[in-house]
>>> print(open('final-v8.cif').read())   # mmCIF, C-alpha atoms and all ligand atoms
data_my_file
loop_
_atom_site.label_atom_id
_atom_site.label_comp_id
_atom_site.auth_asym_id
_atom_site.auth_seq_id
_atom_site.Cartn_x
_atom_site.Cartn_y
_atom_site.Cartn_z
CA MET A 1 -0.02 -6.40 2.03
CA GLY A 2 2.55 -5.96 4.81
CA GLY A 3 3.69 -3.14 7.12
CA HIS A 4 2.19 0.30 7.18
CA LEU A 5 2.40 3.27 4.85
CA ASP A 6 4.88 5.94 5.85
CA PHE A 7 5.27 8.71 3.32
CA GLY A 8 7.98 10.21 5.49
CA TYR A 9 7.04 13.88 5.36
CA PRO A 10 8.88 15.64 8.21
CA TRP A 11 7.18 16.99 11.34
CA TRP A 12 7.77 20.62 10.36
CA LEU A 13 5.72 20.19 7.21
CA SER A 14 2.94 18.42 9.11
CA PHE A 15 2.88 20.53 12.28
CA GLY A 16 5.16 23.56 11.69
CA HIS A 17 2.24 25.84 10.76
CA LEU A 18 0.35 24.75 13.88
CA ALA A 19 3.37 25.75 16.01
CA VAL A 20 3.46 29.17 14.29
CA PHE A 21 -0.29 29.51 14.82
CA GLY A 22 0.10 28.74 18.56
CA VAL A 23 2.79 31.41 18.99
CA VAL A 24 0.96 34.13 17.04
CA ALA A 25 -2.39 33.33 18.71
CA ALA A 26 -0.70 33.83 22.11
CA ALA A 27 0.84 37.10 20.84
CA LEU A 28 -2.58 38.19 19.56
CA LEU A 29 -4.10 37.61 22.98
CA ALA A 30 -1.26 39.47 24.71
CA GLY A 31 -1.57 42.36 22.23
CA TYR A 32 -5.31 42.60 22.82
CA VAL A 33 -4.96 42.58 26.65
CA ARG A 34 -2.04 45.06 26.64
CA LYS A 35 -3.61 47.27 23.98
CA TRP A 36 -0.83 47.07 21.38
CA PRO A 37 -1.19 49.37 18.35
CA ARG A 38 -3.95 48.40 15.92
CA TRP A 39 -1.58 47.88 12.94
CA LEU A 40 0.44 45.38 14.98
CA ILE A 41 -2.68 43.44 15.99
CA VAL A 42 -3.82 43.33 12.33
CA LEU A 43 -0.38 42.11 11.24
CA ILE A 44 -0.26 39.36 13.87
CA GLY A 45 -3.88 38.44 13.03
CA ALA A 46 -2.94 38.04 9.35
CA VAL A 47 -0.06 35.68 10.26
CA ALA A 48 -2.44 33.69 12.52
CA LEU A 49 -4.97 33.42 9.70
CA TRP A 50 -2.31 32.31 7.20
CA SER A 51 -0.68 29.70 9.49
CA GLY A 52 -4.04 28.32 10.69
CA SER A 53 -5.41 27.99 7.14
CA VAL A 54 -2.24 26.34 5.78
CA PHE A 55 -2.30 23.85 8.68
CA LEU A 56 -5.95 22.97 7.95
CA LEU A 57 -5.23 22.69 4.22
CA ILE A 58 -2.25 20.37 4.76
CA HIS A 59 -4.20 18.13 7.12
CA PHE A 60 -7.74 18.10 5.75
CA GLY A 61 -7.20 19.17 2.12
CA VAL A 62 -3.92 17.64 0.93
CA ASP A 63 -3.51 15.22 3.91
CA ILE A 64 0.16 14.74 3.00
CA ASN A 65 0.69 11.73 5.21
CA GLY A 66 -2.52 9.97 4.24
CA GLN A 67 -3.47 7.86 1.24
CA ALA A 68 -4.71 10.12 -1.56
CA ALA A 69 -7.86 9.57 -3.63
CA LEU A 70 -7.79 9.89 -7.42
CA PRO A 71 -8.93 13.48 -8.11
CA THR A 72 -10.83 12.57 -11.29
CA GLN A 73 -12.52 9.43 -12.59
CA SER A 74 -11.51 10.49 -16.14
CA PHE A 75 -7.95 9.40 -15.39
CA LEU A 76 -7.24 6.14 -17.26
CA ARG A 77 -10.97 5.56 -17.67
CA SER A 78 -10.30 2.24 -19.44
CA GLY A 79 -8.90 1.02 -16.08
CA THR A 80 -5.92 -0.63 -17.68
CA GLY A 81 -2.60 0.48 -19.18
CA ARG A 82 0.93 1.58 -18.32
CA VAL A 83 1.22 4.70 -16.16
CA LEU A 84 4.25 6.90 -15.40
CA ASP A 85 4.58 8.80 -12.09
CA VAL A 86 7.21 11.56 -12.27
CA GLY A 87 8.67 12.81 -8.99
CA ALA A 88 7.10 9.80 -7.25
CA GLY A 89 8.90 10.46 -3.95
CA THR A 90 7.82 7.93 -1.34
CA GLY A 91 4.96 6.68 -3.52
CA ARG A 92 1.88 8.63 -2.50
CA SER A 93 0.66 9.37 -6.05
CA SER A 94 1.80 5.96 -7.38
CA ILE A 95 -0.22 4.16 -4.70
CA MET A 96 -3.19 6.43 -5.40
CA VAL A 97 -3.23 5.34 -9.08
CA LEU A 98 -2.50 1.65 -8.52
CA THR A 99 -5.20 1.38 -5.84
CA ALA A 100 -7.84 3.16 -7.92
CA ARG A 101 -6.91 1.30 -11.14
CA PRO A 102 -6.23 -2.33 -10.10
CA GLN A 103 -5.60 -3.48 -13.70
CA ALA A 104 -2.92 -0.86 -14.40
CA THR A 105 0.86 -1.08 -14.10
CA LEU A 106 3.06 1.87 -13.15
CA VAL A 107 6.65 3.11 -13.34
CA ALA A 108 7.45 5.20 -10.24
CA SER A 109 10.26 7.56 -11.28
CA ASP A 110 12.19 10.10 -9.23
CA LEU A 111 15.54 11.85 -9.32
CA PHE A 112 16.22 10.51 -5.81
CA GLY A 113 18.61 13.44 -5.34
CA GLU A 114 18.95 16.42 -3.03
CA SER A 115 15.29 17.38 -3.24
CA PHE A 116 14.26 13.88 -2.11
CA GLU A 117 16.61 14.09 0.88
CA HIS A 118 15.33 17.57 1.70
CA HIS A 119 11.76 16.25 1.93
CA PHE A 120 12.24 12.79 3.30
CA GLY A 121 15.59 12.80 5.13
CA ARG A 122 18.74 10.76 4.63
CA GLY A 123 18.07 7.79 6.90
CA GLU A 124 16.86 5.05 4.58
CA SER A 125 17.71 4.64 0.90
CA PRO A 126 15.05 6.55 -1.11
CA ARG A 127 14.33 3.58 -3.35
CA GLU A 128 13.95 1.30 -0.31
CA ARG A 129 11.44 3.65 1.24
CA LEU A 130 9.41 3.88 -1.95
CA LEU A 131 9.48 0.10 -2.39
CA ARG A 132 8.46 -0.45 1.24
CA ASN A 133 5.39 1.72 0.75
CA LEU A 134 4.43 0.02 -2.53
CA LYS A 135 4.66 -3.32 -0.69
CA ALA A 136 2.68 -2.04 2.29
CA ALA A 137 -0.09 -0.95 -0.09
CA GLY A 138 -0.01 -4.37 -1.79
CA VAL A 139 0.70 -2.87 -5.24
CA ASP A 140 4.42 -3.61 -5.66
CA ARG A 141 3.86 -6.41 -8.21
CA ARG A 142 2.37 -3.92 -10.65
CA ALA A 143 5.05 -1.26 -10.08
CA SER A 144 8.68 -0.74 -10.99
CA VAL A 145 11.01 1.98 -9.73
CA GLU A 146 13.28 4.03 -12.01
CA THR A 147 15.73 6.86 -11.36
CA ALA A 148 14.80 9.60 -13.83
CA ASP A 149 15.00 13.36 -14.18
CA MET A 150 11.55 14.54 -15.27
CA ARG A 151 13.22 17.22 -17.45
CA LYS A 152 14.86 14.53 -19.60
CA LEU A 153 12.98 11.29 -19.27
CA PRO A 154 14.83 8.07 -20.23
CA PHE A 155 11.67 6.55 -21.73
CA GLU A 156 10.62 5.98 -25.31
CA THR A 157 8.21 8.27 -27.10
CA ALA A 158 4.53 7.27 -26.69
CA SER A 159 5.37 4.43 -24.31
CA PHE A 160 2.78 5.23 -21.57
CA ASP A 161 -1.02 5.32 -21.50
CA ALA A 162 -1.19 7.92 -18.74
CA ILE A 163 1.04 10.14 -16.62
CA VAL A 164 0.66 11.41 -13.05
CA SER A 165 2.64 13.77 -10.84
CA SER A 166 1.91 15.42 -7.51
CA TYR A 167 3.72 18.25 -5.72
CA ALA A 168 6.82 17.72 -7.85
CA VAL A 169 7.01 20.21 -10.77
CA ASP A 170 6.92 23.05 -8.25
CA HIS A 171 10.52 22.07 -7.40
CA LEU A 172 11.72 23.05 -10.86
CA GLY A 173 12.40 26.53 -12.17
CA ARG A 174 10.29 28.03 -14.97
CA GLU A 175 12.53 26.50 -17.64
CA GLY A 176 12.46 23.13 -15.86
CA VAL A 177 8.65 23.13 -15.75
CA GLY A 178 8.54 23.71 -19.53
CA GLN A 179 11.01 20.88 -20.14
CA ALA A 180 9.11 18.51 -17.82
CA LEU A 181 5.78 19.27 -19.53
CA SER A 182 7.17 18.67 -23.00
CA GLU A 183 8.83 15.44 -21.86
CA ALA A 184 5.52 14.33 -20.30
CA ALA A 185 3.74 15.06 -23.60
CA ARG A 186 6.41 13.11 -25.51
CA VAL A 187 6.32 9.88 -23.48
CA VAL A 188 2.52 9.46 -23.44
CA LYS A 189 0.42 8.16 -26.31
CA PRO A 190 -1.79 10.71 -28.08
CA GLY A 191 -5.03 11.23 -26.12
CA ALA A 192 -3.55 9.82 -22.88
CA SER A 193 -4.72 10.91 -19.40
CA SER A 194 -2.73 13.04 -17.01
CA CYS A 195 -3.24 14.34 -13.47
C1 LIG B 201 7.21 16.91 -2.48
S1 LIG B 201 7.86 15.46 -3.20
C2 LIG B 201 6.38 14.74 -3.87
C3 LIG B 201 6.43 13.25 -3.82
C4 LIG B 201 5.13 12.54 -4.20
N1 LIG B 201 4.75 12.77 -5.58
C5 LIG B 201 4.02 12.91 -3.25
O1 LIG B 201 2.98 13.42 -3.71
O2 LIG B 201 4.17 12.67 -2.04
C6 LIG B 201 8.71 16.05 -4.64
C7 LIG B 201 9.51 14.94 -5.33
O3 LIG B 201 9.98 15.43 -6.58
C8 LIG B 201 11.26 14.88 -6.81
N2 LIG B 201 11.98 15.68 -7.80
C9 LIG B 201 12.45 16.95 -7.69
N3 LIG B 201 13.04 17.32 -8.82
C10 LIG B 201 12.95 16.28 -9.70
C11 LIG B 201 13.36 16.06 -11.05
N4 LIG B 201 14.02 17.01 -11.74
N5 LIG B 201 13.07 14.89 -11.62
C12 LIG B 201 12.42 13.91 -10.95
N6 LIG B 201 12.00 14.06 -9.66
C13 LIG B 201 12.26 15.23 -9.04
C14 LIG B 201 11.93 14.88 -5.44
O4 LIG B 201 13.02 13.95 -5.38
C15 LIG B 201 10.77 14.50 -4.54
O5 LIG B 201 10.71 13.11 -4.32
#
>>> encode(input="final-v8.cif", output="structure tokens")
Amino acid sequence: MGGHLDFGYPWWLSFGHLAVFGVVAAALLAGYVRKWPRWLIVLIGAVALWSGSVFLLIHFGVDINGQAALPTQSFLRSGTGRVLDVGAGTGRSSIMVLTARPQATLVASDLFGESFEHHFGRGESPRERLLRNLKAAGVDRRASVETADMRKLPFETASFDAIVSSYAVDHLGREGVGQALSEAARVVKPGASSC
């Protein structure tokens, strides 16, 4: 292992909702003291509730900048096999699988296009950043990185034992989600795990 994990999610995704919460909480207090109309107080209160809950969810539920735990022990129960991560980004879900299943190998695939830059910035090459995280987690020897569009995967039919993806299909339109799901079903062996 070397270096530290940096999934590279920007500050606005980590703390943007907290900033909104701070502003609306101050407005709520001002509205209460100055006796603003009830409907306005309710509206501001709803925004405070939304921003506060999303902040808590991002930090304590999803924990986007932390190392994720495998959500189910049913995933690749045999503990060994070849796994595909689609929309791997900076490696959060790949590292989750490789850490929980130390006998498995994994292909971390991503389009590495505009959506990647939108999430993780333009500074470092996307592949470099993903590789750096795989190395930092000590799992790089069991992983390879491929550029691939999840709507048309460049992999052979039934060539993986399991497939994983996190927070990625939501970036596709309805048609794209359908294409990605049928591609996922094509590249895994019958009865394979997914999460
Ligand atoms: C929010 S990030 C999630 C990254 C990672 N799975 C995680 O949990 O941190 C979404 C990723 O999906 C990728 N992506 C978007 N559209 C894609 C497509 N059509 N094919 C492959 N990857 C795509 C983006 O490049 C980005 O890295």
>>> closest_atom_pairs(input="final-v8.cif", of="chain A", to="ligand LIG 201 (chain B)", cutoff="8 Å", atoms="all atoms listed in the file", output="tab-separated table")
residue	atom	partner	partner_atom	distance
A:Phe7	CA	B:LIG201	O2	6.8
A:Ile64	CA	B:LIG201	O2	6.8
A:Asp85	CA	B:LIG201	N1	7.6
A:Val86	CA	B:LIG201	C12	5.9
A:Gly87	CA	B:LIG201	N6	3.6
A:Ala88	CA	B:LIG201	N1	4.1
A:Gly89	CA	B:LIG201	O5	3.2
A:Thr90	CA	B:LIG201	O2	6.0
A:Gly91	CA	B:LIG201	C4	5.9
A:Arg92	CA	B:LIG201	O2	4.7
A:Ser93	CA	B:LIG201	O1	5.2
A:Ser94	CA	B:LIG201	N1	7.6
A:Ser109	CA	B:LIG201	C12	6.7
A:Asp110	CA	B:LIG201	N6	4.0
A:Leu111	CA	B:LIG201	C12	4.1
A:Phe112	CA	B:LIG201	O4	4.7
A:Gly113	CA	B:LIG201	O4	5.6
A:Glu114	CA	B:LIG201	O4	6.8
A:Ser115	CA	B:LIG201	O4	4.6
A:Phe116	CA	B:LIG201	O4	3.5
A:Glu117	CA	B:LIG201	O4	7.2
A:His119	CA	B:LIG201	C1	6.4
A:Phe120	CA	B:LIG201	O5	7.8
A:Thr147	CA	B:LIG201	C12	7.8
A:Ala148	CA	B:LIG201	C12	5.7
A:Asp149	CA	B:LIG201	N5	3.6
A:Met150	CA	B:LIG201	N5	4.0
A:Arg151	CA	B:LIG201	N4	5.8
A:Ser165	CA	B:LIG201	N1	5.8
A:Ser166	CA	B:LIG201	N1	4.3
A:Tyr167	CA	B:LIG201	C2	4.8
A:Ala168	CA	B:LIG201	C6	4.1
A:Val169	CA	B:LIG201	N3	7.0
A:His171	CA	B:LIG201	C9	5.5
A:Leu172	CA	B:LIG201	N3	6.2
A:Gly176	CA	B:LIG201	N4	7.5
A:Ala180	CA	B:LIG201	N4	8.0
>>> closest_residue(input="final-v8.cif", among="A:Arg132, A:Thr105, A:Thr157, A:His59", to="Ser144 of chain A", atoms="all atoms listed in the file")
A:Thr105
>>> closest_residue(input="final-v8.cif", among="A:Leu153, A:Ala162, A:Ala136, A:Leu57", to="Val97 of chain A", atoms="only C-alpha atoms")
A:Ala162
>>> atom_distance(input="final-v8.cif", atom1="atom CA of Leu98 of chain A", atom2="atom CA of Glu124 of chain A")
23.6 Å
>>> atom_distance(input="final-v8.cif", atom1="atom CA of Leu13 of chain A", atom2="atom CA of Asp170 of chain A")
15.8 Å
>>> atom_distance(input="final-v8.cif", atom1="atom CA of Ala104 of chain A", atom2="atom CA of Val187 of chain A")
16.8 Å
>>> residues_around(input="final-v8.cif", residues="Gly81 of chain A", least_positions_apart="2", cutoff="8 Å", atoms="all atoms listed in the file", output="PDB file with C-alpha atoms, in the coordinates of the input")
ATOM      1  CA  LEU A  76      -7.240   6.140 -17.260  1.00  0.00           C
ATOM      2  CA  SER A  78     -10.300   2.240 -19.440  1.00  0.00           C
ATOM      3  CA  GLY A  79      -8.900   1.020 -16.080  1.00  0.00           C
ATOM      4  CA  VAL A  83       1.220   4.700 -16.160  1.00  0.00           C
ATOM      5  CA  GLN A 103      -5.600  -3.480 -13.700  1.00  0.00           C
ATOM      6  CA  ALA A 104      -2.920  -0.860 -14.400  1.00  0.00           C
ATOM      7  CA  THR A 105       0.860  -1.080 -14.100  1.00  0.00           C
ATOM      8  CA  PHE A 160       2.780   5.230 -21.570  1.00  0.00           C
ATOM      9  CA  ASP A 161      -1.020   5.320 -21.500  1.00  0.00           C
ATOM     10  CA  ALA A 162      -1.190   7.920 -18.740  1.00  0.00           C
TER      11      ALA A 162
END
>>> closest_residue(input="final-v8.cif", among="A:Phe21, A:Tyr32, A:Ser14, A:Leu40", to="Phe60 of chain A", atoms="all atoms listed in the file")
A:Ser14
>>> residues_around(input="final-v8.cif", residues="Lys135 of chain A", least_positions_apart="2", cutoff="12 Å", atoms="all atoms listed in the file", output="ChimeraX atom specification")
/A:1-6,90-91,94-95,98,128-133,137-144
>>> residues_near_point(input="final-v8.cif", point="(-3.5, 29.8, 11.0)", cutoff="12 Å", atoms="all atoms listed in the file", output="short mmCIF file (atom, residue, chain, number, x, y, z; two decimals) with C-alpha atoms, in the coordinates of the input")
data_model
loop_
_atom_site.label_atom_id
_atom_site.label_comp_id
_atom_site.auth_asym_id
_atom_site.auth_seq_id
_atom_site.Cartn_x
_atom_site.Cartn_y
_atom_site.Cartn_z
CA PHE A 15 2.88 20.53 12.28
CA GLY A 16 5.16 23.56 11.69
CA HIS A 17 2.24 25.84 10.76
CA LEU A 18 0.35 24.75 13.88
CA ALA A 19 3.37 25.75 16.01
CA VAL A 20 3.46 29.17 14.29
CA PHE A 21 -0.29 29.51 14.82
CA GLY A 22 0.10 28.74 18.56
CA VAL A 23 2.79 31.41 18.99
CA VAL A 24 0.96 34.13 17.04
CA ALA A 25 -2.39 33.33 18.71
CA ILE A 44 -0.26 39.36 13.87
CA GLY A 45 -3.88 38.44 13.03
CA ALA A 46 -2.94 38.04 9.35
CA VAL A 47 -0.06 35.68 10.26
CA ALA A 48 -2.44 33.69 12.52
CA LEU A 49 -4.97 33.42 9.70
CA TRP A 50 -2.31 32.31 7.20
CA SER A 51 -0.68 29.70 9.49
CA GLY A 52 -4.04 28.32 10.69
CA SER A 53 -5.41 27.99 7.14
CA VAL A 54 -2.24 26.34 5.78
CA PHE A 55 -2.30 23.85 8.68
CA LEU A 56 -5.95 22.97 7.95
CA LEU A 57 -5.23 22.69 4.22
CA ILE A 58 -2.25 20.37 4.76
#
>>> residues_near_point(input="final-v8.cif", point="(6.9, 14.5, -26.0)", cutoff="12 Å", atoms="only C-alpha atoms", output="PyMOL selection string")
chain A and resi 150-160+163+178-190+192
>>> write_last_selection(input="final-v8.cif", atoms="C-alpha atoms", output="PDB file, in the coordinates of the input")
ATOM      1  CA  MET A 150      11.550  14.540 -15.270  1.00  0.00           C
ATOM      2  CA  ARG A 151      13.220  17.220 -17.450  1.00  0.00           C
ATOM      3  CA  LYS A 152      14.860  14.530 -19.600  1.00  0.00           C
ATOM      4  CA  LEU A 153      12.980  11.290 -19.270  1.00  0.00           C
ATOM      5  CA  PRO A 154      14.830   8.070 -20.230  1.00  0.00           C
ATOM      6  CA  PHE A 155      11.670   6.550 -21.730  1.00  0.00           C
ATOM      7  CA  GLU A 156      10.620   5.980 -25.310  1.00  0.00           C
ATOM      8  CA  THR A 157       8.210   8.270 -27.100  1.00  0.00           C
ATOM      9  CA  ALA A 158       4.530   7.270 -26.690  1.00  0.00           C
ATOM     10  CA  SER A 159       5.370   4.430 -24.310  1.00  0.00           C
ATOM     11  CA  PHE A 160       2.780   5.230 -21.570  1.00  0.00           C
ATOM     12  CA  ILE A 163       1.040  10.140 -16.620  1.00  0.00           C
ATOM     13  CA  GLY A 178       8.540  23.710 -19.530  1.00  0.00           C
ATOM     14  CA  GLN A 179      11.010  20.880 -20.140  1.00  0.00           C
ATOM     15  CA  ALA A 180       9.110  18.510 -17.820  1.00  0.00           C
ATOM     16  CA  LEU A 181       5.780  19.270 -19.530  1.00  0.00           C
ATOM     17  CA  SER A 182       7.170  18.670 -23.000  1.00  0.00           C
ATOM     18  CA  GLU A 183       8.830  15.440 -21.860  1.00  0.00           C
ATOM     19  CA  ALA A 184       5.520  14.330 -20.300  1.00  0.00           C
ATOM     20  CA  ALA A 185       3.740  15.060 -23.600  1.00  0.00           C
ATOM     21  CA  ARG A 186       6.410  13.110 -25.510  1.00  0.00           C
ATOM     22  CA  VAL A 187       6.320   9.880 -23.480  1.00  0.00           C
ATOM     23  CA  VAL A 188       2.520   9.460 -23.440  1.00  0.00           C
ATOM     24  CA  LYS A 189       0.420   8.160 -26.310  1.00  0.00           C
ATOM     25  CA  PRO A 190      -1.790  10.710 -28.080  1.00  0.00           C
ATOM     26  CA  ALA A 192      -3.550   9.820 -22.880  1.00  0.00           C
TER      27      ALA A 192
END
>>> closest_residue(input="final-v8.cif", among="A:Pro71, A:Arg127, A:Leu106, A:Gly31", to="Leu84 of chain A", atoms="all atoms listed in the file")
A:Leu106
>>> decode(input="final-v8.cif", residues="segment 151-183 of chain A", atoms="N, CA and C atoms", output="CSV table (one decimal), in the first residue's frame")
chain,number,residue,atom,x,y,z
A,151,ARG,N,-23.0,1.6,-22.1
A,151,ARG,CA,-24.2,1.3,-23.0
A,151,ARG,C,-23.8,0.3,-24.1
A,152,LYS,N,-22.5,0.2,-24.3
A,152,LYS,CA,-22.0,-0.7,-25.4
A,152,LYS,C,-20.6,-1.2,-24.9
A,153,LEU,N,-20.7,-2.3,-24.1
A,153,LEU,CA,-19.4,-2.7,-23.5
A,153,LEU,C,-18.5,-3.5,-24.4
A,154,PRO,N,-17.2,-3.2,-24.4
A,154,PRO,CA,-16.3,-3.9,-25.4
A,154,PRO,C,-15.8,-5.2,-24.8
A,155,PHE,N,-16.7,-6.0,-24.1
A,155,PHE,CA,-16.3,-7.2,-23.5
A,155,PHE,C,-17.1,-8.4,-24.0
A,156,GLU,N,-16.5,-9.6,-24.0
A,156,GLU,CA,-17.2,-10.7,-24.6
A,156,GLU,C,-18.4,-11.1,-23.7
A,157,THR,N,-19.3,-11.8,-24.3
A,157,THR,CA,-20.5,-12.3,-23.6
A,157,THR,C,-20.1,-13.3,-22.6
A,158,ALA,N,-20.7,-13.3,-21.4
A,158,ALA,CA,-20.5,-14.2,-20.3
A,158,ALA,C,-19.0,-14.3,-19.9
A,159,SER,N,-18.3,-13.1,-19.9
A,159,SER,CA,-16.9,-13.1,-19.6
A,159,SER,C,-16.6,-12.7,-18.1
A,160,PHE,N,-17.6,-12.4,-17.3
A,160,PHE,CA,-17.4,-12.0,-15.9
A,160,PHE,C,-18.3,-12.8,-15.0
A,161,ASP,N,-17.8,-12.9,-13.7
A,161,ASP,CA,-18.5,-13.7,-12.7
A,161,ASP,C,-19.4,-12.8,-11.9
A,162,ALA,N,-19.2,-11.5,-12.0
A,162,ALA,CA,-20.0,-10.6,-11.2
A,162,ALA,C,-19.8,-9.2,-11.8
A,163,ILE,N,-20.8,-8.3,-11.5
A,163,ILE,CA,-20.7,-6.9,-12.0
A,163,ILE,C,-21.2,-6.0,-10.9
A,164,VAL,N,-20.5,-4.8,-10.8
A,164,VAL,CA,-20.8,-3.8,-9.8
A,164,VAL,C,-20.9,-2.5,-10.4
A,165,SER,N,-21.7,-1.6,-9.9
A,165,SER,CA,-21.7,-0.2,-10.3
A,165,SER,C,-22.3,0.7,-9.2
A,166,SER,N,-21.7,1.8,-9.0
A,166,SER,CA,-22.4,2.7,-8.0
A,166,SER,C,-22.4,4.1,-8.5
A,167,TYR,N,-23.6,4.7,-8.3
A,167,TYR,CA,-23.9,6.1,-8.6
A,167,TYR,C,-23.4,6.5,-10.1
A,168,ALA,N,-23.7,5.5,-11.0
A,168,ALA,CA,-23.2,5.8,-12.4
A,168,ALA,C,-24.4,5.7,-13.4
A,169,VAL,N,-25.3,4.7,-13.3
A,169,VAL,CA,-26.4,4.7,-14.3
A,169,VAL,C,-27.3,5.9,-14.2
A,170,ASP,N,-27.3,6.6,-13.1
A,170,ASP,CA,-28.2,7.7,-13.0
A,170,ASP,C,-27.7,8.9,-13.9
A,171,HIS,N,-26.5,8.7,-14.5
A,171,HIS,CA,-26.0,9.7,-15.4
A,171,HIS,C,-26.5,9.5,-16.9
A,172,LEU,N,-27.2,8.4,-17.0
A,172,LEU,CA,-27.7,8.1,-18.4
A,172,LEU,C,-29.2,8.4,-18.5
A,173,GLY,N,-29.7,8.6,-19.7
A,173,GLY,CA,-31.1,8.8,-19.9
A,173,GLY,C,-31.8,7.5,-19.7
A,174,ARG,N,-33.2,7.5,-19.9
A,174,ARG,CA,-34.0,6.3,-19.7
A,174,ARG,C,-33.5,5.2,-20.7
A,175,GLU,N,-33.3,5.6,-22.0
A,175,GLU,CA,-32.8,4.7,-23.0
A,175,GLU,C,-31.4,4.1,-22.6
A,176,GLY,N,-30.6,5.0,-22.1
A,176,GLY,CA,-29.2,4.6,-21.8
A,176,GLY,C,-29.2,3.6,-20.6
A,177,VAL,N,-30.1,3.8,-19.7
A,177,VAL,CA,-30.2,2.8,-18.5
A,177,VAL,C,-30.6,1.5,-19.0
A,178,GLY,N,-31.6,1.4,-20.0
A,178,GLY,CA,-32.0,0.1,-20.6
A,178,GLY,C,-30.8,-0.6,-21.3
A,179,GLN,N,-30.1,0.2,-22.0
A,179,GLN,CA,-28.9,-0.3,-22.8
A,179,GLN,C,-27.9,-0.9,-21.8
A,180,ALA,N,-27.6,-0.1,-20.8
A,180,ALA,CA,-26.6,-0.5,-19.8
A,180,ALA,C,-27.0,-1.7,-19.1
A,181,LEU,N,-28.2,-1.9,-18.7
A,181,LEU,CA,-28.7,-3.1,-18.0
A,181,LEU,C,-28.6,-4.3,-18.9
A,182,SER,N,-29.0,-4.1,-20.2
A,182,SER,CA,-28.9,-5.3,-21.1
A,182,SER,C,-27.4,-5.7,-21.4
A,183,GLU,N,-26.6,-4.7,-21.5
A,183,GLU,CA,-25.1,-5.0,-21.6
A,183,GLU,C,-24.6,-5.7,-20.4
